[in-house]
Amino acid sequence: MIDFSKIKLRPLKERKSKFSIGEIVRLDEKINVLNDENLKKLSAEILKARKNDEQVIFMMGAHLIKQGLSLFIIEMIRNGTIRHLAMNGAALIHDFEIAFIGETSEDVAENLPDGSFGMWTETLKMINEAVKKSSLGYGKAIGKLIHEKGMKFKEYSILYWCHKKKIPVTVHTAIGTEIIYQYPYCDGAALGRASYLDFKIFTDSVSRLQDGVIVNIGSAVIMPEVFLKSLSIVRNLGFKVDRFVSANLDMIDHYRTRVNVVERPTSKGGIGLNIVARHEETLPSLCKLLEETK
């Protein structure tokens with residue numbers, strides 16, 4: 001068996017990061033709101049759910065963070081729009097690094113040839129050890145870590161704001177898909193336990209989705225699959241979850257997201273919305289519409 005304990009790590013300060021908080025899109029920047037009927041419909045349905053105290057779940061991938069759009073998610077956490085935030089494992093890593101050093105994302109093509117891609121000591125060690133020491137879910141453990149360490153750039157962290165506002169934040173990892181599994185002393189059992197707890201927490205939130213809204217932004221595989229399994233579980237357990245709004249926002253019309261987020265979940269009723277445009281346009285536009293029409 002190959003010996004992972006011999007993996008060589010490098011300090012994070014040696015990495016050239018492709019994104020820093022200096023490039024983050026500010027909330028007060030001018031926004032040209034997309035003239036999209038589905039986006040307007042989504043905004044109206046989110047506002048209706050908020051007014052009626054119904055569930056609003058946002059699922060996301062890492063691309064939003066690397067495109068500098070974190071503040072728009074954070075604003076919806078702060079103002080109470082989002083009641084549960086779910087993300088894939090890559091999004092957690094980028095959000096953690098933003099909080100820790102104000103930078104994230106590396107040049108994979110540059111670092112892969114010599115095997116240094118993803119081999120960053122602080123990121124791997126701090127995330128792995130926080131999960132191993134904690135009995136919390138994956139998302140909550142790292143949000144708590146960012147808070148307790150008083151990380152310099154925590155105000156730009158989605159995980160931190162979920163922790164501060166006490167809303168569920170769940171992280172759905174897939175073994176081997178994220179750099180955390182490159183850590184020489186990675187505890188796969190601890191990560192599996194923490195992410196499985198998050199799956200249960202997410203499923204609990206989905207059980208209250210009737211008349212609510214669930215939105216997927218930028219996760220093409222993990223979150224659509226997690227949602228589909230959670231929805232099947234709650235229906236299997238007898239929860240009435242057949243009338244809700246399910247929306248997918250992405251740059252490309254992917255088969256998996258369209259079918260597993262928009263079409264299949266709403267086949268018993270409800271509304272499915274597929275909004276195809278760049279995240280840099282859809283997310284700021286949605287926030288602006290929510291502000292203008294509340």
# chains A, B, ... in the order shown; residues from 1 in each chain; ligands from 1
$ residues_around --residues "A:Lys18" --least-positions-apart "4" --cutoff "12 Å" --atoms "only C-alpha atoms" --output "VMD selection string"
chain A and resid 22 to 23 65 to 68 94 98 102 to 108 110
$ residues_around --residues "A:Gly218" --least-positions-apart "4" --cutoff "6 Å" --atoms "only C-alpha atoms" --output "list in words"
Met60, Gly61 and Asp250 of chain A
$ write_last_selection --atoms "N, CA and C atoms" --output "compact mmCIF listing (two decimals), in the first residue's frame"
# COMPACT_ATOMS: atom_id res chain seq x y z
N MET A 60 -24.56 25.60 -2.89
CA MET A 60 -23.58 26.30 -3.72
C MET A 60 -22.32 25.47 -3.93
N GLY A 61 -21.63 25.82 -5.02
CA GLY A 61 -20.32 25.27 -5.32
C GLY A 61 -19.24 26.31 -5.05
N ASP A 250 -26.99 28.52 -13.20
CA ASP A 250 -25.66 28.13 -13.66
C ASP A 250 -25.37 28.74 -15.01
$ residues_around --residues "stretch 191-193 of chain A" --least-positions-apart "5" --cutoff "9 Å" --atoms "only C-alpha atoms" --output "JSON, numbers by chain"
{"A": [128, 131, 132, 135, 137, 138, 173, 174, 175, 186, 198]}
$ write_last_selection --atoms "N, CA and C atoms" --output "tab-separated table (two decimals), in the first residue's frame"
chain	number	residue	atom	x	y	z
A	128	ASN	N	-8.34	19.52	8.83
A	128	ASN	CA	-8.38	18.13	9.29
A	128	ASN	C	-8.43	18.02	10.81
A	131	VAL	N	-11.83	19.13	12.38
A	131	VAL	CA	-12.88	18.13	12.23
A	131	VAL	C	-12.64	16.94	13.15
A	132	LYS	N	-11.38	16.52	13.25
A	132	LYS	CA	-11.04	15.36	14.08
A	132	LYS	C	-11.35	15.61	15.55
A	135	SER	N	-17.05	17.19	17.62
A	135	SER	CA	-18.18	16.27	17.45
A	135	SER	C	-19.29	16.94	16.63
A	137	GLY	N	-20.90	18.90	13.10
A	137	GLY	CA	-20.88	18.68	11.68
A	137	GLY	C	-19.70	19.39	11.05
A	138	TYR	N	-19.40	19.06	9.81
A	138	TYR	CA	-18.24	19.61	9.11
A	138	TYR	C	-18.32	21.13	8.99
A	173	THR	N	-18.91	16.52	1.47
A	173	THR	CA	-17.63	16.15	0.88
A	173	THR	C	-17.75	14.82	0.13
A	174	ALA	N	-16.83	14.59	-0.76
A	174	ALA	CA	-16.73	13.31	-1.47
A	174	ALA	C	-15.28	12.86	-1.38
A	175	ILE	N	-15.06	11.69	-0.81
A	175	ILE	CA	-13.70	11.24	-0.50
A	175	ILE	C	-12.81	11.23	-1.73
A	186	CYS	N	-4.59	12.58	7.38
A	186	CYS	CA	-6.03	12.74	7.20
A	186	CYS	C	-6.78	11.58	7.88
A	198	ASP	N	-23.73	16.23	8.64
A	198	ASP	CA	-24.24	17.36	7.86
A	198	ASP	C	-25.32	16.90	6.88
$ residues_around --residues "A:Glu37" --least-positions-apart "2" --cutoff "12 Å" --atoms "only C-alpha atoms" --output "VMD selection string"
chain A and resid 33 to 35 39 to 44 273 to 276 282 285 to 286 289
$ closest_residue --among "A:Phe100, A:Phe4, A:Phe202, A:Tyr196" --to "A:Leu85" --atoms "only C-alpha atoms"
A:Phe202
$ residues_around --residues "stretch 220-236 of chain A" --least-positions-apart "6" --cutoff "8 Å" --atoms "only C-alpha atoms" --output "MDAnalysis selection string"
chainID A and resid 59:61 86:88 172 174 199 202:204 206:207 254 256:257 260:261 265
$ write_last_selection --atoms "N, CA and C atoms" --output "short mmCIF file (atom, residue, chain, number, x, y, z; two decimals), in the first residue's frame"
data_model
loop_
_atom_site.label_atom_id
_atom_site.label_comp_id
_atom_site.auth_asym_id
_atom_site.auth_seq_id
_atom_site.Cartn_x
_atom_site.Cartn_y
_atom_site.Cartn_z
N MET A 59 -27.95 26.10 -1.95
CA MET A 59 -26.85 25.16 -2.16
C MET A 59 -25.85 25.83 -3.11
N MET A 60 -24.56 25.60 -2.89
CA MET A 60 -23.58 26.30 -3.72
C MET A 60 -22.32 25.47 -3.93
N GLY A 61 -21.63 25.82 -5.02
CA GLY A 61 -20.32 25.27 -5.32
C GLY A 61 -19.24 26.31 -5.05
N ALA A 86 -25.91 25.17 2.23
CA ALA A 86 -25.21 23.91 1.99
C ALA A 86 -24.19 24.12 0.88
N MET A 87 -23.00 23.54 1.05
CA MET A 87 -21.94 23.72 0.05
C MET A 87 -21.17 22.42 -0.14
N ASN A 88 -20.47 22.34 -1.27
CA ASN A 88 -19.60 21.19 -1.49
C ASN A 88 -18.27 21.41 -0.76
N HIS A 172 -20.77 19.03 2.18
CA HIS A 172 -21.00 17.69 1.64
C HIS A 172 -19.78 17.29 0.82
N ALA A 174 -16.83 14.59 -0.76
CA ALA A 174 -16.73 13.31 -1.47
C ALA A 174 -15.28 12.86 -1.38
N PHE A 199 -25.17 15.70 6.33
CA PHE A 199 -26.20 15.17 5.44
C PHE A 199 -27.52 15.01 6.20
N PHE A 202 -28.93 18.52 6.82
CA PHE A 202 -29.49 19.02 5.57
C PHE A 202 -30.84 18.35 5.29
N THR A 203 -30.91 17.05 5.48
CA THR A 203 -32.16 16.33 5.24
C THR A 203 -33.26 16.81 6.17
N ASP A 204 -32.90 17.13 7.40
CA ASP A 204 -33.87 17.68 8.34
C ASP A 204 -34.43 19.00 7.82
N VAL A 206 -34.58 19.87 4.64
CA VAL A 206 -35.40 19.54 3.47
C VAL A 206 -36.78 19.04 3.90
N SER A 207 -36.87 18.41 5.05
CA SER A 207 -38.16 17.90 5.54
C SER A 207 -39.15 19.03 5.79
N HIS A 254 -26.74 22.22 -17.62
CA HIS A 254 -26.29 20.86 -17.38
C HIS A 254 -27.48 19.92 -17.24
N ARG A 256 -27.66 17.14 -15.42
CA ARG A 256 -27.83 16.69 -14.04
C ARG A 256 -28.56 17.73 -13.18
N THR A 257 -28.11 18.98 -13.28
CA THR A 257 -28.74 20.02 -12.45
C THR A 257 -30.17 20.29 -12.89
N ASN A 260 -32.14 16.94 -11.83
CA ASN A 260 -32.15 16.59 -10.41
C ASN A 260 -32.50 17.73 -9.48
N VAL A 261 -32.44 18.96 -9.96
CA VAL A 261 -32.84 20.10 -9.14
C VAL A 261 -34.18 20.66 -9.58
N PRO A 265 -37.60 16.83 -8.75
CA PRO A 265 -38.13 17.16 -7.42
C PRO A 265 -39.51 17.82 -7.45
#
$ residues_around --residues "stretch 157-165 of chain A" --least-positions-apart "6" --cutoff "9 Å" --atoms "only C-alpha atoms" --output "list of chain:residue names"
A:Ser70, A:Leu71, A:Ile73, A:Ile74, A:Ile77, A:Arg78, A:Gly80, A:His84, A:Leu85, A:Leu92, A:Asp95, A:Phe96, A:Glu97, A:Ile98, A:Ala99, A:Gly139, A:Lys140, A:Ile142, A:Gly143, A:Lys144, A:Leu145, A:Ile146, A:His147
$ closest_residue --among "A:Gly176, A:Met76, A:Tyr183, A:Gln210" --to "A:Asp3" --atoms "only C-alpha atoms"
A:Tyr183
$ select_by_dssp --residues "stretch 69-216 of chain A" --states "helix (DSSP H, G or I)" --output "PDB file with C-alpha atoms, in the first residue's frame"
ATOM      1  CA  SER A  70     -19.200  35.767  -1.335  1.00  0.00           C
ATOM      2  CA  LEU A  71     -20.585  39.066  -0.053  1.00  0.00           C
ATOM      3  CA  PHE A  72     -23.895  38.499  -1.830  1.00  0.00           C
ATOM      4  CA  ILE A  73     -24.368  35.152  -0.081  1.00  0.00           C
ATOM      5  CA  ILE A  74     -23.252  36.731   3.192  1.00  0.00           C
ATOM      6  CA  GLU A  75     -25.779  39.556   2.790  1.00  0.00           C
ATOM      7  CA  MET A  76     -28.605  37.028   2.380  1.00  0.00           C
ATOM      8  CA  ILE A  77     -27.377  35.247   5.509  1.00  0.00           C
ATOM      9  CA  ARG A  78     -27.200  38.487   7.474  1.00  0.00           C
ATOM     10  CA  GLY A  89     -16.193  20.440   0.018  1.00  0.00           C
ATOM     11  CA  ALA A  90     -14.257  22.668  -2.370  1.00  0.00           C
ATOM     12  CA  ALA A  91     -16.323  25.691  -1.341  1.00  0.00           C
ATOM     13  CA  LEU A  92     -15.379  25.112   2.296  1.00  0.00           C
ATOM     14  CA  ILE A  93     -11.677  25.074   1.462  1.00  0.00           C
ATOM     15  CA  HIS A  94     -11.821  28.329  -0.495  1.00  0.00           C
ATOM     16  CA  ASP A  95     -13.970  30.008   2.155  1.00  0.00           C
ATOM     17  CA  PHE A  96     -11.569  28.911   4.907  1.00  0.00           C
ATOM     18  CA  GLU A  97      -8.534  30.258   3.046  1.00  0.00           C
ATOM     19  CA  ILE A  98     -10.276  33.571   2.415  1.00  0.00           C
ATOM     20  CA  ALA A  99     -10.908  33.904   6.161  1.00  0.00           C
ATOM     21  CA  PHE A 100      -7.363  32.817   7.041  1.00  0.00           C
ATOM     22  CA  ILE A 101      -5.141  34.677   4.551  1.00  0.00           C
ATOM     23  CA  VAL A 108      -3.297  23.651 -10.880  1.00  0.00           C
ATOM     24  CA  ALA A 109      -1.486  23.363 -14.203  1.00  0.00           C
ATOM     25  CA  GLU A 110       1.606  25.004 -12.710  1.00  0.00           C
ATOM     26  CA  ASN A 111       1.730  22.958  -9.499  1.00  0.00           C
ATOM     27  CA  THR A 121       0.330  22.731   5.273  1.00  0.00           C
ATOM     28  CA  GLU A 122      -1.933  25.200   7.059  1.00  0.00           C
ATOM     29  CA  THR A 123      -5.065  24.531   5.028  1.00  0.00           C
ATOM     30  CA  LEU A 124      -4.752  20.756   5.271  1.00  0.00           C
ATOM     31  CA  LYS A 125      -3.696  20.605   8.919  1.00  0.00           C
ATOM     32  CA  MET A 126      -6.138  23.124  10.366  1.00  0.00           C
ATOM     33  CA  ILE A 127      -9.216  21.767   8.590  1.00  0.00           C
ATOM     34  CA  ASN A 128      -8.381  18.129   9.290  1.00  0.00           C
ATOM     35  CA  GLU A 129      -7.527  18.672  12.935  1.00  0.00           C
ATOM     36  CA  ALA A 130     -10.598  20.842  13.589  1.00  0.00           C
ATOM     37  CA  VAL A 131     -12.884  18.130  12.226  1.00  0.00           C
ATOM     38  CA  LYS A 132     -11.039  15.356  14.077  1.00  0.00           C
ATOM     39  CA  LYS A 133     -11.302  17.156  17.437  1.00  0.00           C
ATOM     40  CA  TYR A 138     -18.239  19.611   9.106  1.00  0.00           C
ATOM     41  CA  GLY A 139     -19.591  23.074   8.327  1.00  0.00           C
ATOM     42  CA  LYS A 140     -20.222  24.041  11.929  1.00  0.00           C
ATOM     43  CA  ALA A 141     -16.776  22.829  13.034  1.00  0.00           C
ATOM     44  CA  ILE A 142     -14.953  25.052  10.534  1.00  0.00           C
ATOM     45  CA  GLY A 143     -17.238  28.050  11.102  1.00  0.00           C
ATOM     46  CA  LYS A 144     -16.487  27.717  14.817  1.00  0.00           C
ATOM     47  CA  LEU A 145     -12.746  27.414  14.089  1.00  0.00           C
ATOM     48  CA  ILE A 146     -12.748  30.626  12.032  1.00  0.00           C
ATOM     49  CA  HIS A 147     -14.579  32.425  14.845  1.00  0.00           C
ATOM     50  CA  GLU A 148     -12.439  31.115  17.702  1.00  0.00           C
ATOM     51  CA  LYS A 154     -13.400  36.353   8.758  1.00  0.00           C
ATOM     52  CA  GLU A 155     -15.900  39.036   7.705  1.00  0.00           C
ATOM     53  CA  TYR A 156     -15.535  37.711   4.145  1.00  0.00           C
ATOM     54  CA  ILE A 158     -19.639  32.492   4.525  1.00  0.00           C
ATOM     55  CA  LEU A 159     -18.932  29.836   7.154  1.00  0.00           C
ATOM     56  CA  TYR A 160     -18.162  32.495   9.750  1.00  0.00           C
ATOM     57  CA  TRP A 161     -21.395  34.370   9.108  1.00  0.00           C
ATOM     58  CA  CYS A 162     -23.458  31.186   9.312  1.00  0.00           C
ATOM     59  CA  HIS A 163     -21.806  30.529  12.674  1.00  0.00           C
ATOM     60  CA  LYS A 164     -22.423  34.085  13.840  1.00  0.00           C
ATOM     61  CA  LYS A 165     -26.073  34.122  12.743  1.00  0.00           C
ATOM     62  CA  ILE A 179      -7.213  18.546  -1.255  1.00  0.00           C
ATOM     63  CA  ILE A 180      -7.956  17.815   2.408  1.00  0.00           C
ATOM     64  CA  TYR A 181      -7.523  14.120   1.584  1.00  0.00           C
ATOM     65  CA  GLN A 182      -3.913  14.779   0.577  1.00  0.00           C
ATOM     66  CA  GLY A 188     -11.152   9.698   6.722  1.00  0.00           C
ATOM     67  CA  ALA A 189     -13.433   8.337   9.432  1.00  0.00           C
ATOM     68  CA  ALA A 190     -13.652  11.741  11.143  1.00  0.00           C
ATOM     69  CA  LEU A 191     -14.405  13.550   7.879  1.00  0.00           C
ATOM     70  CA  GLY A 192     -16.963  10.925   6.927  1.00  0.00           C
ATOM     71  CA  ARG A 193     -18.668  11.200  10.313  1.00  0.00           C
ATOM     72  CA  ALA A 194     -18.791  14.999  10.179  1.00  0.00           C
ATOM     73  CA  SER A 195     -20.085  15.161   6.603  1.00  0.00           C
ATOM     74  CA  TYR A 196     -22.629  12.397   7.237  1.00  0.00           C
ATOM     75  CA  LEU A 197     -23.927  14.389  10.216  1.00  0.00           C
ATOM     76  CA  ASP A 198     -24.240  17.355   7.856  1.00  0.00           C
ATOM     77  CA  PHE A 199     -26.200  15.167   5.442  1.00  0.00           C
ATOM     78  CA  LYS A 200     -28.654  14.419   8.250  1.00  0.00           C
ATOM     79  CA  ILE A 201     -28.880  18.099   9.199  1.00  0.00           C
ATOM     80  CA  PHE A 202     -29.494  19.016   5.568  1.00  0.00           C
ATOM     81  CA  THR A 203     -32.156  16.327   5.236  1.00  0.00           C
ATOM     82  CA  ASP A 204     -33.872  17.684   8.341  1.00  0.00           C
ATOM     83  CA  SER A 205     -34.042  21.095   6.668  1.00  0.00           C
ATOM     84  CA  VAL A 206     -35.401  19.545   3.468  1.00  0.00           C
TER      85      VAL A 206
END
$ atom_distance --atom1 "atom CA of A:His279" --atom2 "atom CA of A:Asp36"
13.5 Å
$ closest_residue --among "A:Ile21, A:Val171, A:Leu283, A:Leu290" --to "A:Lys152" --atoms "only C-alpha atoms"
A:Ile21
$ atom_distance --atom1 "atom CA of A:Thr177" --atom2 "atom CA of A:Val213"
28.5 Å
